[in-house]
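**Student:** Structure below; questions to follow.
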Amino acid sequence: MIDEIQLVKAVLEGDDRAFEDLVRQYEKLVFHILNRFIPNNEQKEDLAQEVFIKIYQRLKTFRFQSKLSTWIGKITYLTIVDHLKKHNAFEMVNFEDTSELHHYTFENPECVLVQKDLSRFINEAIQNLPINLRMVLTLYHLNEFSYKEIETITGWPEGTIKSHLFRGRRMLKEKLKNLSYLR
Amino acid sequence: MKEKNINKFQTYRENAANDLTWEEVDAELQNDVAFYQQLFKGLKDHEDLNIPHDFSKKVMTRIKASRVWRPSWFFYFACIMIGFLIFGLGLVCSTALNVVPISINLHDVLAYKGVFIFIVTGFVLIQFFDHKFIDASS
């Protein structure tokens, strides 16, 4: 892992290879967040590119007051919000709910699916949660940001974040329970 | 600040609807943390992110393309204004020096300034929106 201060300095000095390294280092973070909100692969890639172009253009404004990953998370979050607002989808981006089609039980050996399929199902369950809850769950559990970092990224107070996390987990649990995952 | 207060109010209302105190919310968030960490770890490890293998190269191509200089609307505006100024100066000088073979009445020219302003403004606006369109689509 390259030191982020060195990396940012190198990029600001005009080193393109350093920026390519930065992209490679943080592309997973960006795609993990985008994956929860943008169902279309082409759109997702396009938005990810947009995020990194914004990062490149605004890197000189980064003051190391937070971790670089938090700052990148914030840019990703704002890009997603802009995109959803532009497409009037802020409240209603829903992925196809295929939960009814899945029957994951550990009791039935025939239905024990490989971990990848299970992940796909969990992903679908998360994607059907309301956007705010989905965002907090993604940032907290998947990207492992702290409450403070999520506050920096989203601008929501800590109480709201906890409340969203609480409600998101409850709703997710319900969805998983319906599929016998937690029985 | 106002938005923060609304958020706070919303949070209190949500918790009230769940009949839980903040301590209970905190305790529940701590309770299941291991389960969710495990759940999301599995998701993180096995999720297909569909990141193209040449993603960083694609980003660099777009960044390099964005570095190519493109005239701004101000550039067009400045060009037109300079052109207009040169034309005006030329007209004034040639009239003063009497070098124009045909007689041009400056008052007649100035009478058409409204038309000039209209054309120039129209051209500038077209360039401005055209440029905006290019920006949005790139």
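Naming scheme: A, B, ... for chains in displayed order of the structure tokens; residues 1 onward per chain; ligands 1 onward as shown.
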Mind checking which residues fall within 7 Å of Val51 of chain A, counting only C-alpha atoms, ignoring those fewer than 4 positions away in the same chain, and posting them as a PDB file with N, CA and C atoms, in the first residue's frame?

**Tutor:**
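Contents of part.pdb, as written:
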ATOM      1  N   LEU A  47     -20.004   6.283 -14.314  1.00  0.00           N
ATOM      2  CA  LEU A  47     -20.012   7.087 -13.089  1.00  0.00           C
ATOM      3  C   LEU A  47     -18.696   6.948 -12.328  1.00  0.00           C
ATOM      4  N   ILE A  55     -12.016  13.489  -8.785  1.00  0.00           N
ATOM      5  CA  ILE A  55     -10.926  13.362  -7.812  1.00  0.00           C
ATOM      6  C   ILE A  55      -9.676  14.039  -8.370  1.00  0.00           C
ATOM      7  N   ILE A  75     -16.959  12.006  -2.459  1.00  0.00           N
ATOM      8  CA  ILE A  75     -17.134  12.369  -3.875  1.00  0.00           C
ATOM      9  C   ILE A  75     -18.034  11.334  -4.562  1.00  0.00           C
ATOM     10  N   THR A  76     -17.830  10.077  -4.233  1.00  0.00           N
ATOM     11  CA  THR A  76     -18.663   9.017  -4.829  1.00  0.00           C
ATOM     12  C   THR A  76     -20.119   9.211  -4.413  1.00  0.00           C
ATOM     13  N   THR A  79     -21.658  12.148  -6.170  1.00  0.00           N
ATOM     14  CA  THR A  79     -21.867  11.832  -7.594  1.00  0.00           C
ATOM     15  C   THR A  79     -23.116  10.962  -7.759  1.00  0.00           C
TER      16      THR A  79
END

**Student:** Mind checking which residues fall within 10 Å of Phe19 of chain A, counting only C-alpha atoms, ignoring those fewer than 6 positions away in the same chain, and posting them as a list in words?

**Tutor:** Leu7, Val8, Ala10, Val11, Leu12, Gln25, Phe52, Ile55 and Tyr56 of chain A; Ser56, Val59 and Met60 of chain B

**Student:** What residues in chain A lie within 7 Å of chain B, counting only C-alpha atoms, written as a PyMOL selection string?

**Tutor:** chain A and resi 20+23-24+31-32+49+53+115-116+119-120+141-142+157+159-160+163+166

**Student:** By how many Å are atom CA of Leu59 of chain A and atom CA of Lys44 of chain A apart?

**Tutor:**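 Separation of atom CA of Leu59 of chain A and atom CA of Lys44 of chain A: 21.9 Å.
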
**Student:** Provide the atom CA of Ile150 of chain A to atom CA of Lys177 of chain A distance in Å, to one decimal place.

**Tutor:** 27.6 Å

**Student:** Would you please work out which residue, of A:Lys85, A:Lys74, A:Arg36, A:Asp16, is nearest to Leu133 of chain A when using only C-alpha atoms?

**Tutor:**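 Of A:Lys85, A:Lys74, A:Arg36, A:Asp16, the one nearest Leu133 of chain A is A:Arg36, counting only C-alpha atoms.
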